>>> print(open('entry_30.pdb').read())   # PDB, C-alpha atoms
ATOM      1  CA  PRO H  93     -31.730 -62.842 -38.178  1.00  0.00           C
ATOM      2  CA  LYS H  94     -31.480 -66.182 -39.903  1.00  0.00           C
ATOM      3  CA  ARG H  95     -34.323 -68.016 -41.533  1.00  0.00           C
ATOM      4  CA  PHE H  96     -35.241 -70.651 -39.008  1.00  0.00           C
ATOM      5  CA  SER H  97     -36.973 -73.829 -40.123  1.00  0.00           C
ATOM      6  CA  SER H  98     -38.987 -75.723 -37.552  1.00  0.00           C
ATOM      7  CA  GLN H  99     -41.189 -78.750 -37.358  1.00  0.00           C
ATOM      8  CA  LEU H 100     -44.142 -79.120 -35.049  1.00  0.00           C
ATOM      9  CA  VAL H 101     -45.483 -82.601 -34.486  1.00  0.00           C
ATOM     10  CA  ARG H 102     -48.521 -83.170 -32.378  1.00  0.00           C
ATOM     11  CA  ASN H 103     -50.491 -86.239 -31.383  1.00  0.00           C
ATOM     12  CA  PRO H 104     -52.494 -87.169 -28.275  1.00  0.00           C
ATOM     13  CA  MET H 105     -49.355 -87.753 -26.223  1.00  0.00           C
ATOM     14  CA  PHE H 106     -46.499 -85.779 -27.742  1.00  0.00           C
ATOM     15  CA  CYS H 107     -45.796 -82.283 -28.974  1.00  0.00           C
ATOM     16  CA  CYS H 108     -42.353 -81.789 -30.482  1.00  0.00           C
ATOM     17  CA  PHE H 109     -40.585 -78.667 -31.622  1.00  0.00           C
ATOM     18  CA  CYS H 110     -37.628 -79.194 -33.887  1.00  0.00           C
ATOM     19  CA  GLY H 111     -35.426 -76.470 -35.362  1.00  0.00           C
ATOM     20  CA  SER H 112     -33.336 -77.465 -38.345  1.00  0.00           C
ATOM     21  CA  ALA H 113     -31.348 -74.378 -39.250  1.00  0.00           C
ATOM     22  CA  CYS H 114     -29.155 -73.880 -36.197  1.00  0.00           C
ATOM     23  CA  ASP H 115     -25.473 -73.647 -37.033  1.00  0.00           C
ATOM     24  CA  LYS H 116     -23.169 -75.287 -34.549  1.00  0.00           C
ATOM     25  CA  ASP H 117     -21.461 -71.935 -34.039  1.00  0.00           C
ATOM     26  CA  ASP H 118     -24.758 -70.415 -32.876  1.00  0.00           C
ATOM     27  CA  ARG H 119     -24.940 -72.741 -29.903  1.00  0.00           C
ATOM     28  CA  ASP H 120     -24.676 -71.107 -26.488  1.00  0.00           C
ATOM     29  CA  ASP H 121     -22.284 -73.430 -24.711  1.00  0.00           C
ATOM     30  CA  SER H 122     -22.867 -71.578 -21.448  1.00  0.00           C
ATOM     31  CA  LYS H 123     -26.255 -73.277 -21.271  1.00  0.00           C
ATOM     32  CA  ALA H 124     -26.620 -76.988 -21.540  1.00  0.00           C
ATOM     33  CA  ALA H 125     -28.281 -78.039 -24.720  1.00  0.00           C
ATOM     34  CA  PRO H 126     -31.487 -80.050 -24.652  1.00  0.00           C
ATOM     35  CA  PRO H 127     -32.085 -83.806 -24.716  1.00  0.00           C
ATOM     36  CA  VAL H 128     -34.143 -85.771 -27.141  1.00  0.00           C
ATOM     37  CA  ALA H 129     -37.300 -87.950 -27.115  1.00  0.00           C
ATOM     38  CA  ALA H 130     -39.680 -89.557 -29.707  1.00  0.00           C
ATOM     39  CA  PRO H 131     -43.244 -89.492 -30.827  1.00  0.00           C
ATOM     40  CA  GLU H 132     -45.918 -91.816 -29.556  1.00  0.00           C
ATOM     41  CA  ASP H 133     -46.615 -95.283 -30.856  1.00  0.00           C
ATOM     42  CA  PRO H 134     -46.541 -94.797 -34.641  1.00  0.00           C
ATOM     43  CA  ALA H 135     -48.879 -97.704 -35.321  1.00  0.00           C
ATOM     44  CA  SER H 136     -52.425 -96.643 -36.210  1.00  0.00           C
ATOM     45  CA  GLU H 137     -55.344 -97.787 -38.260  1.00  0.00           C
ATOM     46  CA  ILE H 138     -54.174 -95.553 -41.094  1.00  0.00           C
ATOM     47  CA  ILE H 139     -50.389 -95.697 -41.118  1.00  0.00           C
ATOM     48  CA  ASP H 140     -48.045 -98.591 -40.682  1.00  0.00           C
ATOM     49  CA  VAL H 141     -44.766 -97.041 -39.591  1.00  0.00           C
ATOM     50  CA  LYS H 142     -42.026 -99.607 -39.247  1.00  0.00           C
ATOM     51  CA  SER H 143     -39.371 -99.147 -36.598  1.00  0.00           C
ATOM     52  CA  PRO H 144     -36.370 -97.483 -38.229  1.00  0.00           C
ATOM     53  CA  ALA H 145     -33.097 -99.302 -38.397  1.00  0.00           C
ATOM     54  CA  ALA H 146     -30.390 -98.338 -35.935  1.00  0.00           C
ATOM     55  CA  SER H 147     -28.363 -96.791 -38.762  1.00  0.00           C
ATOM     56  CA  ASP H 148     -31.326 -94.548 -39.590  1.00  0.00           C
ATOM     57  CA  ILE H 149     -31.823 -93.422 -36.001  1.00  0.00           C
ATOM     58  CA  ILE H 150     -28.234 -92.471 -35.208  1.00  0.00           C
ATOM     59  CA  PRO H 151     -26.926 -90.396 -38.124  1.00  0.00           C
ATOM     60  CA  ALA H 152     -23.449 -91.013 -39.435  1.00  0.00           C
ATOM     61  CA  VAL H 153     -20.915 -88.589 -37.979  1.00  0.00           C
ATOM     62  CA  PRO H 154     -17.149 -88.431 -38.394  1.00  0.00           C
ATOM     63  CA  PRO H 155     -15.677 -91.288 -36.335  1.00  0.00           C
ATOM     64  CA  LYS H 156     -13.904 -90.390 -33.123  1.00  0.00           C
ATOM     65  CA  GLU H 157     -11.435 -92.359 -31.099  1.00  0.00           C
ATOM     66  CA  VAL H 158     -13.114 -93.711 -27.976  1.00  0.00           C
ATOM     67  CA  ASP H 159     -11.149 -94.760 -24.917  1.00  0.00           C
ATOM     68  CA  CYS H 160     -13.599 -97.026 -23.123  1.00  0.00           C
ATOM     69  CA  GLY H 161     -11.503 -96.685 -20.003  1.00  0.00           C
ATOM     70  CA  SER H 162     -12.527 -93.040 -19.748  1.00  0.00           C
ATOM     71  CA  ALA H 163     -15.836 -93.401 -21.603  1.00  0.00           C
ATOM     72  CA  ALA H 164     -17.874 -93.247 -18.413  1.00  0.00           C
ATOM     73  CA  SER H 165     -17.142 -89.551 -17.930  1.00  0.00           C
ATOM     74  CA  GLN H 166     -17.732 -88.872 -21.637  1.00  0.00           C
ATOM     75  CA  VAL H 167     -21.112 -90.600 -21.548  1.00  0.00           C
ATOM     76  CA  ARG H 168     -22.108 -88.691 -18.421  1.00  0.00           C
ATOM     77  CA  ASP H 169     -21.057 -85.391 -19.980  1.00  0.00           C
ATOM     78  CA  ALA H 170     -23.016 -86.102 -23.182  1.00  0.00           C
ATOM     79  CA  PHE H 171     -26.086 -87.179 -21.200  1.00  0.00           C
ATOM     80  CA  ALA H 172     -25.926 -84.125 -18.918  1.00  0.00           C
ATOM     81  CA  ALA H 173     -25.610 -81.817 -21.939  1.00  0.00           C
ATOM     82  CA  GLY H 174     -28.687 -83.314 -23.600  1.00  0.00           C
ATOM     83  CA  ARG H 175     -26.805 -84.994 -26.454  1.00  0.00           C
ATOM     84  CA  PRO H 176     -28.501 -88.411 -26.744  1.00  0.00           C
ATOM     85  CA  PHE H 177     -26.948 -89.403 -30.076  1.00  0.00           C
ATOM     86  CA  GLU H 178     -23.442 -88.775 -28.762  1.00  0.00           C
ATOM     87  CA  ALA H 179     -24.162 -90.660 -25.533  1.00  0.00           C
ATOM     88  CA  GLN H 180     -25.660 -93.613 -27.438  1.00  0.00           C
ATOM     89  CA  ARG H 181     -22.704 -93.692 -29.821  1.00  0.00           C
ATOM     90  CA  LEU H 182     -20.247 -93.896 -26.923  1.00  0.00           C
ATOM     91  CA  LEU H 183     -22.277 -96.659 -25.300  1.00  0.00           C
ATOM     92  CA  ASN H 184     -22.408 -98.613 -28.558  1.00  0.00           C
ATOM     93  CA  GLU H 185     -18.690 -98.312 -29.207  1.00  0.00           C
ATOM     94  CA  CYS H 186     -17.951 -99.608 -25.728  1.00  0.00           C
ATOM     95  CA  GLY H 187     -20.231-102.593 -26.147  1.00  0.00           C
ATOM     96  CA  GLY H 188     -23.176-101.040 -24.338  1.00  0.00           C
ATOM     97  CA  GLU H 189     -21.326-101.366 -21.028  1.00  0.00           C
ATOM     98  CA  LYS H 190     -23.951-100.682 -18.352  1.00  0.00           C
ATOM     99  CA  ALA H 191     -21.290 -99.733 -15.836  1.00  0.00           C
ATOM    100  CA  LEU H 192     -20.722 -96.509 -17.800  1.00  0.00           C
ATOM    101  CA  LEU H 193     -23.990 -95.007 -16.606  1.00  0.00           C
ATOM    102  CA  GLU H 194     -26.927 -95.724 -14.298  1.00  0.00           C
ATOM    103  CA  ALA H 195     -29.509 -98.103 -15.781  1.00  0.00           C
ATOM    104  CA  ASP H 196     -32.319 -95.520 -15.601  1.00  0.00           C
ATOM    105  CA  ASN H 197     -30.250 -92.960 -17.480  1.00  0.00           C
ATOM    106  CA  ILE H 198     -29.276 -95.491 -20.153  1.00  0.00           C
ATOM    107  CA  ALA H 199     -32.957 -96.277 -20.641  1.00  0.00           C
ATOM    108  CA  ASN H 200     -33.636 -92.542 -20.931  1.00  0.00           C
ATOM    109  CA  ILE H 201     -30.989 -92.166 -23.643  1.00  0.00           C
ATOM    110  CA  GLN H 202     -32.308 -95.153 -25.585  1.00  0.00           C
ATOM    111  CA  ALA H 203     -35.906 -93.907 -25.360  1.00  0.00           C
ATOM    112  CA  THR H 204     -34.924 -90.448 -26.568  1.00  0.00           C
ATOM    113  CA  VAL H 205     -32.913 -91.792 -29.506  1.00  0.00           C
ATOM    114  CA  SER H 206     -35.764 -94.119 -30.443  1.00  0.00           C
ATOM    115  CA  THR H 207     -38.289 -91.278 -30.277  1.00  0.00           C
ATOM    116  CA  LEU H 208     -36.185 -89.071 -32.524  1.00  0.00           C
ATOM    117  CA  GLY H 209     -35.898 -91.869 -35.056  1.00  0.00           C
ATOM    118  CA  GLU H 210     -39.649 -92.502 -34.994  1.00  0.00           C
ATOM    119  CA  LEU H 211     -40.280 -88.781 -35.378  1.00  0.00           C
ATOM    120  CA  ARG H 212     -38.241 -88.614 -38.558  1.00  0.00           C
ATOM    121  CA  GLN H 213     -39.815 -91.810 -39.832  1.00  0.00           C
ATOM    122  CA  GLN H 214     -43.291 -90.443 -39.168  1.00  0.00           C
ATOM    123  CA  LEU H 215     -42.505 -87.222 -41.036  1.00  0.00           C
ATOM    124  CA  ALA H 216     -41.145 -89.170 -44.015  1.00  0.00           C
ATOM    125  CA  THR H 217     -44.232 -91.417 -44.013  1.00  0.00           C
ATOM    126  CA  ALA H 218     -46.593 -88.435 -43.879  1.00  0.00           C
ATOM    127  CA  LYS H 219     -44.878 -86.709 -46.796  1.00  0.00           C
ATOM    128  CA  ALA H 220     -44.820 -89.885 -48.897  1.00  0.00           C
ATOM    129  CA  GLN H 221     -48.452 -90.829 -48.253  1.00  0.00           C
ATOM    130  CA  ALA H 222     -49.655 -87.275 -48.914  1.00  0.00           C
ATOM    131  CA  GLN H 223     -48.393 -87.679 -52.493  1.00  0.00           C
ATOM    132  CA  THR H 224     -50.664 -90.664 -53.173  1.00  0.00           C
ATOM    133  CA  SER H 225     -54.429 -90.828 -53.357  1.00  0.00           C
ATOM    134  CA  GLY H 226     -55.911 -92.535 -50.332  1.00  0.00           C
ATOM    135  CA  GLY H 227     -52.524 -92.642 -48.591  1.00  0.00           C
ATOM    136  CA  GLY H 228     -54.007 -91.521 -45.287  1.00  0.00           C
ATOM    137  CA  TRP H 229     -52.221 -88.173 -44.974  1.00  0.00           C
ATOM    138  CA  THR H 230     -53.308 -84.852 -46.520  1.00  0.00           C
ATOM    139  CA  ASN H 231     -51.057 -81.887 -47.287  1.00  0.00           C
ATOM    140  CA  LYS H 232     -51.960 -78.175 -47.046  1.00  0.00           C
ATOM    141  CA  GLU H 233     -49.751 -75.124 -47.597  1.00  0.00           C
ATOM    142  CA  TRP H 234     -50.093 -71.466 -46.602  1.00  0.00           C
ATOM    143  CA  ASN H 235     -47.250 -69.067 -47.431  1.00  0.00           C
ATOM    144  CA  ASP H 236     -44.288 -70.246 -45.292  1.00  0.00           C
ATOM    145  CA  MET H 237     -46.243 -73.008 -43.556  1.00  0.00           C
ATOM    146  CA  LYS H 238     -46.723 -76.591 -44.671  1.00  0.00           C
ATOM    147  CA  MET H 239     -49.010 -78.974 -42.831  1.00  0.00           C
ATOM    148  CA  TRP H 240     -49.701 -82.714 -43.045  1.00  0.00           C
ATOM    149  CA  TYR H 241     -52.610 -84.231 -41.156  1.00  0.00           C
ATOM    150  CA  THR H 242     -54.552 -87.446 -40.828  1.00  0.00           C
ATOM    151  CA  TYR H 243     -57.919 -88.086 -39.215  1.00  0.00           C
ATOM    152  CA  GLY H 244     -59.315 -91.421 -38.059  1.00  0.00           C
ATOM    153  CA  LYS H 245     -63.061 -91.251 -38.668  1.00  0.00           C
ATOM    154  CA  ARG H 246     -63.763 -94.259 -36.446  1.00  0.00           C
ATOM    155  CA  THR H 247     -61.419 -93.282 -33.608  1.00  0.00           C
ATOM    156  CA  GLY H 248     -61.482 -89.491 -33.824  1.00  0.00           C
ATOM    157  CA  LYS H 249     -57.690 -89.496 -33.589  1.00  0.00           C
ATOM    158  CA  VAL H 250     -56.028 -86.525 -35.268  1.00  0.00           C
ATOM    159  CA  GLU H 251     -52.314 -86.258 -36.037  1.00  0.00           C
ATOM    160  CA  VAL H 252     -50.766 -83.043 -37.340  1.00  0.00           C
ATOM    161  CA  ILE H 253     -47.253 -82.285 -38.580  1.00  0.00           C
ATOM    162  CA  ALA H 254     -46.366 -78.708 -39.470  1.00  0.00           C
ATOM    163  CA  ASP H 255     -43.244 -77.306 -41.104  1.00  0.00           C
ATOM    164  CA  LEU H 256     -42.843 -73.606 -40.334  1.00  0.00           C
ATOM    165  CA  ILE H 257     -40.316 -70.992 -41.405  1.00  0.00           C
ATOM    166  CA  LEU H 258     -39.847 -68.262 -38.793  1.00  0.00           C
ATOM    167  CA  ASP H 259     -37.832 -65.102 -39.355  1.00  0.00           C
ATOM    168  CA  VAL H 260     -36.132 -65.108 -35.971  1.00  0.00           C
ATOM    169  CA  SER H 261     -32.696 -65.761 -34.535  1.00  0.00           C
ATOM    170  CA  PRO H 262     -32.366 -69.505 -33.742  1.00  0.00           C
ATOM    171  CA  LEU H 263     -30.612 -68.695 -30.470  1.00  0.00           C
ATOM    172  CA  SER H 264     -33.334 -66.261 -29.381  1.00  0.00           C
ATOM    173  CA  LEU H 265     -36.049 -68.764 -30.238  1.00  0.00           C
ATOM    174  CA  TRP H 266     -34.252 -71.529 -28.369  1.00  0.00           C
ATOM    175  CA  VAL H 267     -33.868 -69.379 -25.250  1.00  0.00           C
ATOM    176  CA  MET H 268     -37.568 -68.521 -25.330  1.00  0.00           C
ATOM    177  CA  ILE H 269     -38.610 -72.171 -25.567  1.00  0.00           C
ATOM    178  CA  ARG H 270     -35.970 -73.331 -23.094  1.00  0.00           C
ATOM    179  CA  GLU H 271     -37.037 -70.901 -20.355  1.00  0.00           C
ATOM    180  CA  PHE H 272     -40.500 -72.375 -20.094  1.00  0.00           C
ATOM    181  CA  ASP H 273     -41.221 -70.765 -16.734  1.00  0.00           C
ATOM    182  CA  LEU H 274     -41.925 -67.629 -18.800  1.00  0.00           C
ATOM    183  CA  ALA H 275     -44.427 -69.431 -21.035  1.00  0.00           C
ATOM    184  CA  HIS H 276     -47.252 -67.225 -19.777  1.00  0.00           C
ATOM    185  CA  LEU H 277     -45.624 -64.329 -21.659  1.00  0.00           C
ATOM    186  CA  TRP H 278     -46.055 -65.931 -25.084  1.00  0.00           C
ATOM    187  CA  LEU H 279     -48.419 -68.915 -24.857  1.00  0.00           C
ATOM    188  CA  PRO H 280     -52.128 -68.026 -25.209  1.00  0.00           C
ATOM    189  CA  ASN H 281     -54.346 -68.975 -22.263  1.00  0.00           C
ATOM    190  CA  VAL H 282     -51.372 -69.918 -20.040  1.00  0.00           C
ATOM    191  CA  MET H 283     -51.560 -67.969 -16.802  1.00  0.00           C
ATOM    192  CA  GLU H 284     -48.733 -69.638 -14.927  1.00  0.00           C
ATOM    193  CA  SER H 285     -45.907 -72.120 -15.593  1.00  0.00           C
ATOM    194  CA  GLN H 286     -43.978 -73.577 -12.664  1.00  0.00           C
ATOM    195  CA  LEU H 287     -40.998 -75.932 -12.692  1.00  0.00           C
ATOM    196  CA  GLN H 288     -41.865 -78.908 -10.484  1.00  0.00           C
ATOM    197  CA  LYS H 289     -38.742 -81.042 -10.939  1.00  0.00           C
ATOM    198  CA  ASP H 290     -35.440 -80.796 -12.773  1.00  0.00           C
ATOM    199  CA  PHE H 291     -34.208 -84.260 -13.786  1.00  0.00           C
ATOM    200  CA  ALA H 292     -30.878 -85.423 -15.198  1.00  0.00           C
ATOM    201  CA  GLY H 293     -30.324 -85.313 -18.942  1.00  0.00           C
ATOM    202  CA  GLN H 294     -31.948 -81.925 -19.604  1.00  0.00           C
ATOM    203  CA  ASN H 295     -35.393 -83.185 -18.585  1.00  0.00           C
ATOM    204  CA  GLU H 296     -37.895 -81.002 -16.711  1.00  0.00           C
ATOM    205  CA  LEU H 297     -41.426 -81.364 -15.368  1.00  0.00           C
ATOM    206  CA  TYR H 298     -43.659 -78.288 -15.496  1.00  0.00           C
ATOM    207  CA  GLN H 299     -47.104 -77.547 -14.119  1.00  0.00           C
ATOM    208  CA  LEU H 300     -49.225 -75.177 -16.192  1.00  0.00           C
ATOM    209  CA  VAL H 301     -52.267 -73.211 -15.046  1.00  0.00           C
ATOM    210  CA  GLY H 302     -54.527 -72.032 -17.838  1.00  0.00           C
ATOM    211  CA  SER H 303     -57.492 -69.710 -18.091  1.00  0.00           C
ATOM    212  CA  PRO H 304     -60.935 -71.346 -17.796  1.00  0.00           C
ATOM    213  CA  VAL H 305     -62.280 -72.968 -20.948  1.00  0.00           C
ATOM    214  CA  VAL H 306     -65.641 -71.347 -20.176  1.00  0.00           C
ATOM    215  CA  PRO H 307     -65.882 -68.055 -18.240  1.00  0.00           C
ATOM    216  CA  GLY H 308     -66.946 -68.725 -14.665  1.00  0.00           C
ATOM    217  CA  PHE H 309     -65.447 -72.217 -14.578  1.00  0.00           C
ATOM    218  CA  ALA H 310     -62.323 -73.207 -12.679  1.00  0.00           C
ATOM    219  CA  GLU H 311     -58.859 -72.684 -14.095  1.00  0.00           C
ATOM    220  CA  THR H 312     -57.301 -75.615 -15.940  1.00  0.00           C
ATOM    221  CA  GLU H 313     -54.170 -77.446 -14.812  1.00  0.00           C
ATOM    222  CA  SER H 314     -51.834 -79.646 -16.829  1.00  0.00           C
ATOM    223  CA  LEU H 315     -48.347 -81.146 -16.677  1.00  0.00           C
ATOM    224  CA  GLN H 316     -45.592 -81.208 -19.288  1.00  0.00           C
ATOM    225  CA  ASP H 317     -42.583 -83.508 -19.285  1.00  0.00           C
ATOM    226  CA  ARG H 318     -40.039 -81.594 -21.402  1.00  0.00           C
ATOM    227  CA  THR H 319     -36.768 -82.989 -22.768  1.00  0.00           C
ATOM    228  CA  TYR H 320     -34.274 -80.646 -24.435  1.00  0.00           C
ATOM    229  CA  CYS H 321     -31.959 -82.179 -27.036  1.00  0.00           C
ATOM    230  CA  ASP H 322     -28.832 -80.973 -28.768  1.00  0.00           C
ATOM    231  CA  VAL H 323     -28.544 -82.767 -32.117  1.00  0.00           C
ATOM    232  CA  LEU H 324     -26.728 -79.960 -33.894  1.00  0.00           C
ATOM    233  CA  ASP H 325     -23.822 -82.163 -34.966  1.00  0.00           C
ATOM    234  CA  GLU H 326     -26.095 -84.915 -36.302  1.00  0.00           C
ATOM    235  CA  TRP H 327     -29.135 -83.058 -37.669  1.00  0.00           C
ATOM    236  CA  GLY H 328     -28.221 -79.376 -37.418  1.00  0.00           C
ATOM    237  CA  SER H 329     -31.162 -79.011 -35.050  1.00  0.00           C
ATOM    238  CA  ALA H 330     -32.193 -78.294 -31.500  1.00  0.00           C
ATOM    239  CA  VAL H 331     -35.186 -80.354 -30.394  1.00  0.00           C
ATOM    240  CA  VAL H 332     -37.704 -80.155 -27.576  1.00  0.00           C
ATOM    241  CA  LEU H 333     -39.722 -83.285 -26.852  1.00  0.00           C
ATOM    242  CA  VAL H 334     -42.879 -82.714 -24.816  1.00  0.00           C
ATOM    243  CA  GLU H 335     -45.055 -85.406 -23.281  1.00  0.00           C
ATOM    244  CA  ALA H 336     -48.343 -84.472 -21.663  1.00  0.00           C
ATOM    245  CA  PRO H 337     -51.569 -86.277 -20.739  1.00  0.00           C
ATOM    246  CA  ALA H 338     -54.116 -86.331 -23.542  1.00  0.00           C
TER     247      ALA H 338
END
>>> encode(input="entry_30.pdb", output="structure tokens")
Amino acid sequence: PKRFSSQLVRNPMFCCFCGSACDKDDRDDSKAAPPVAAPEDPASEIIDVKSPAASDIIPAVPPKEVDCGSAASQVRDAFAAGRPFEAQRLLNECGGEKALLEADNIANIQATVSTLGELRQQLATAKAQAQTSGGGWTNKEWNDMKMWYTYGKRTGKVEVIADLILDVSPLSLWVMIREFDLAHLWLPNVMESQLQKDFAGQNELYQLVGSPVVPGFAETESLQDRTYCDVLDEWGSAVVLVEAPA
């Protein structure tokens, strides 16, 4: 099995898993790859994260010839396969023509691309500020795990970013995370995970039933909006963006 590097970002609204050691050849084309989304509002009382430039959000990839006459089908294919960067690139090269895709789906692509850019910007900010005294972020390391965290004493808001190295096949790990209806087999305290709705663009809504927080109390229920993204060509990663109520 390959060494698999992952990043876990958590805040009150988002939990994101990002693998960064997937080779393109490891991708299982028989299953649509995931789509992408971004972390919550980066502004806080501690960090001032500026919105990344468009060139920072969409990585540079070898240019491809785009026939805008047939771009509609290409955009739809990229969106359906959970490849937001590719879909956004096609839209940009055709002048952002809205006729290429439904307005709601275009907004979904743009939101996902923006979230991915903010996620990378937040990670870079955390690493930079952890190197300076009073920067707002603190760094801790244990064996193959690195963690950056910040805590707002006045708000109680906690943000955590973890960089983990797992000795597991990237494809096996992706399948496990992708088939979230089996989450009760590997997630502590989850008793049941049911798919409520399968949306376009590799986006799914799950309902989770968890064991009671205190014995004798009722079971807990929560929802997860999960977006699966294939950014192997751009970042060498597969990404899952999760949004859930705080």
>>> resolve_selection(input="entry_30.pdb", expression="the PyMOL selection byres ((chain H and resi 240-243) around 9)", output="ChimeraX atom specification")
/H:138,215,218-219,222,228-233,238-239,244-255
>>> closest_residue(input="entry_30.pdb", among="H:Asp169, H:Glu311, H:Glu335, H:Asp317", to="Tyr298 (chain H)", atoms="only C-alpha atoms")
H:Asp317
>>> atom_distance(input="entry_30.pdb", atom1="CA of Leu315 (chain H)", atom2="CA of Pro337 (chain H)")
7.3 Å
>>> residues_around(input="entry_30.pdb", residues="Gly293 (chain H)", least_positions_apart="3", cutoff="7 Å", atoms="only C-alpha atoms", output="PDB file with C-alpha atoms, in the frame of the given file")
ATOM      1  CA  PRO H 127     -32.085 -83.806 -24.716  1.00  0.00           C
ATOM      2  CA  PHE H 171     -26.086 -87.179 -21.200  1.00  0.00           C
ATOM      3  CA  ALA H 172     -25.926 -84.125 -18.918  1.00  0.00           C
ATOM      4  CA  ALA H 173     -25.610 -81.817 -21.939  1.00  0.00           C
ATOM      5  CA  GLY H 174     -28.687 -83.314 -23.600  1.00  0.00           C
TER       6      GLY H 174
END
>>> residues_around(input="entry_30.pdb", residues="Asn235 (chain H)", least_positions_apart="6", cutoff="12 Å", atoms="all atoms listed in the file", output="PDB file with C-alpha atoms, in the frame of the given file")
ATOM      1  CA  ASP H 255     -43.244 -77.306 -41.104  1.00  0.00           C
ATOM      2  CA  LEU H 256     -42.843 -73.606 -40.334  1.00  0.00           C
ATOM      3  CA  ILE H 257     -40.316 -70.992 -41.405  1.00  0.00           C
ATOM      4  CA  LEU H 258     -39.847 -68.262 -38.793  1.00  0.00           C
TER       5      LEU H 258
END
>>> atom_distance(input="entry_30.pdb", atom1="CA of Val301 (chain H)", atom2="CA of Asp273 (chain H)")
11.4 Å
>>> atom_distance(input="entry_30.pdb", atom1="CA of Asp259 (chain H)", atom2="CA of Ala275 (chain H)")
19.9 Å
>>> residues_around(input="entry_30.pdb", residues="Glu284 (chain H)", least_positions_apart="5", cutoff="10 Å", atoms="all atoms listed in the file", output="NGL selection string")
:H and (273-277 or 279 or 299-303 or 313)
>>> closest_residue(input="entry_30.pdb", among="H:Phe177, H:Trp234, H:Trp327, H:Trp266", to="Ile198 (chain H)", atoms="all atoms listed in the file")
H:Phe177
>>> resolve_selection(input="entry_30.pdb", expression="the PyMOL selection byres ((chain H and resi 192-194) around 12)", output="PyMOL selection string")
chain H and resi 160-172+179-180+182-191+195-201+292-293
>>> resolve_selection(input="entry_30.pdb", expression="the PyMOL selection byres ((chain H and resi 287) around 8)", output="list in words")
Asp273, Ser285, Gln286, Gln288, Lys289, Asp290, Glu296, Leu297, Tyr298 and Gln299 of chain H
>>> decode(input="entry_30.pdb", residues="region 331-335 of chain H", atoms="all heavy atoms", output="PDB file, in the first residue's frame")
ATOM      1  N   VAL H 331     -11.027  14.804  -2.812  1.00  0.00           N
ATOM      2  CA  VAL H 331     -11.484  15.634  -1.695  1.00  0.00           C
ATOM      3  C   VAL H 331     -12.954  15.378  -1.396  1.00  0.00           C
ATOM      4  O   VAL H 331     -13.768  15.219  -2.299  1.00  0.00           O
ATOM      5  CB  VAL H 331     -11.305  17.137  -2.029  1.00  0.00           C
ATOM      6  CG1 VAL H 331     -11.789  18.010  -0.878  1.00  0.00           C
ATOM      7  CG2 VAL H 331      -9.841  17.440  -2.348  1.00  0.00           C
ATOM      8  N   VAL H 332     -13.272  15.325  -0.122  1.00  0.00           N
ATOM      9  CA  VAL H 332     -14.668  15.251   0.315  1.00  0.00           C
ATOM     10  C   VAL H 332     -14.955  16.499   1.136  1.00  0.00           C
ATOM     11  O   VAL H 332     -14.258  16.770   2.118  1.00  0.00           O
ATOM     12  CB  VAL H 332     -14.945  14.012   1.187  1.00  0.00           C
ATOM     13  CG1 VAL H 332     -16.418  13.980   1.585  1.00  0.00           C
ATOM     14  CG2 VAL H 332     -14.586  12.732   0.449  1.00  0.00           C
ATOM     15  N   LEU H 333     -15.954  17.262   0.722  1.00  0.00           N
ATOM     16  CA  LEU H 333     -16.366  18.441   1.469  1.00  0.00           C
ATOM     17  C   LEU H 333     -17.669  18.113   2.191  1.00  0.00           C
ATOM     18  O   LEU H 333     -18.626  17.657   1.578  1.00  0.00           O
ATOM     19  CB  LEU H 333     -16.564  19.629   0.524  1.00  0.00           C
ATOM     20  CG  LEU H 333     -15.286  20.105  -0.172  1.00  0.00           C
ATOM     21  CD1 LEU H 333     -15.612  21.145  -1.221  1.00  0.00           C
ATOM     22  CD2 LEU H 333     -14.301  20.657   0.825  1.00  0.00           C
ATOM     23  N   VAL H 334     -17.687  18.338   3.489  1.00  0.00           N
ATOM     24  CA  VAL H 334     -18.857  17.990   4.302  1.00  0.00           C
ATOM     25  C   VAL H 334     -19.366  19.233   5.015  1.00  0.00           C
ATOM     26  O   VAL H 334     -18.598  19.924   5.688  1.00  0.00           O
ATOM     27  CB  VAL H 334     -18.513  16.901   5.338  1.00  0.00           C
ATOM     28  CG1 VAL H 334     -19.739  16.574   6.174  1.00  0.00           C
ATOM     29  CG2 VAL H 334     -17.978  15.663   4.645  1.00  0.00           C
ATOM     30  N   GLU H 335     -20.649  19.505   4.848  1.00  0.00           N
ATOM     31  CA  GLU H 335     -21.283  20.606   5.570  1.00  0.00           C
ATOM     32  C   GLU H 335     -22.370  20.023   6.457  1.00  0.00           C
ATOM     33  O   GLU H 335     -23.187  19.216   6.020  1.00  0.00           O
ATOM     34  CB  GLU H 335     -21.885  21.621   4.596  1.00  0.00           C
ATOM     35  CG  GLU H 335     -22.512  22.812   5.297  1.00  0.00           C
ATOM     36  CD  GLU H 335     -23.012  23.862   4.319  1.00  0.00           C
ATOM     37  OE1 GLU H 335     -22.820  23.684   3.099  1.00  0.00           O
ATOM     38  OE2 GLU H 335     -23.596  24.858   4.794  1.00  0.00           O
TER      39      GLU H 335
END
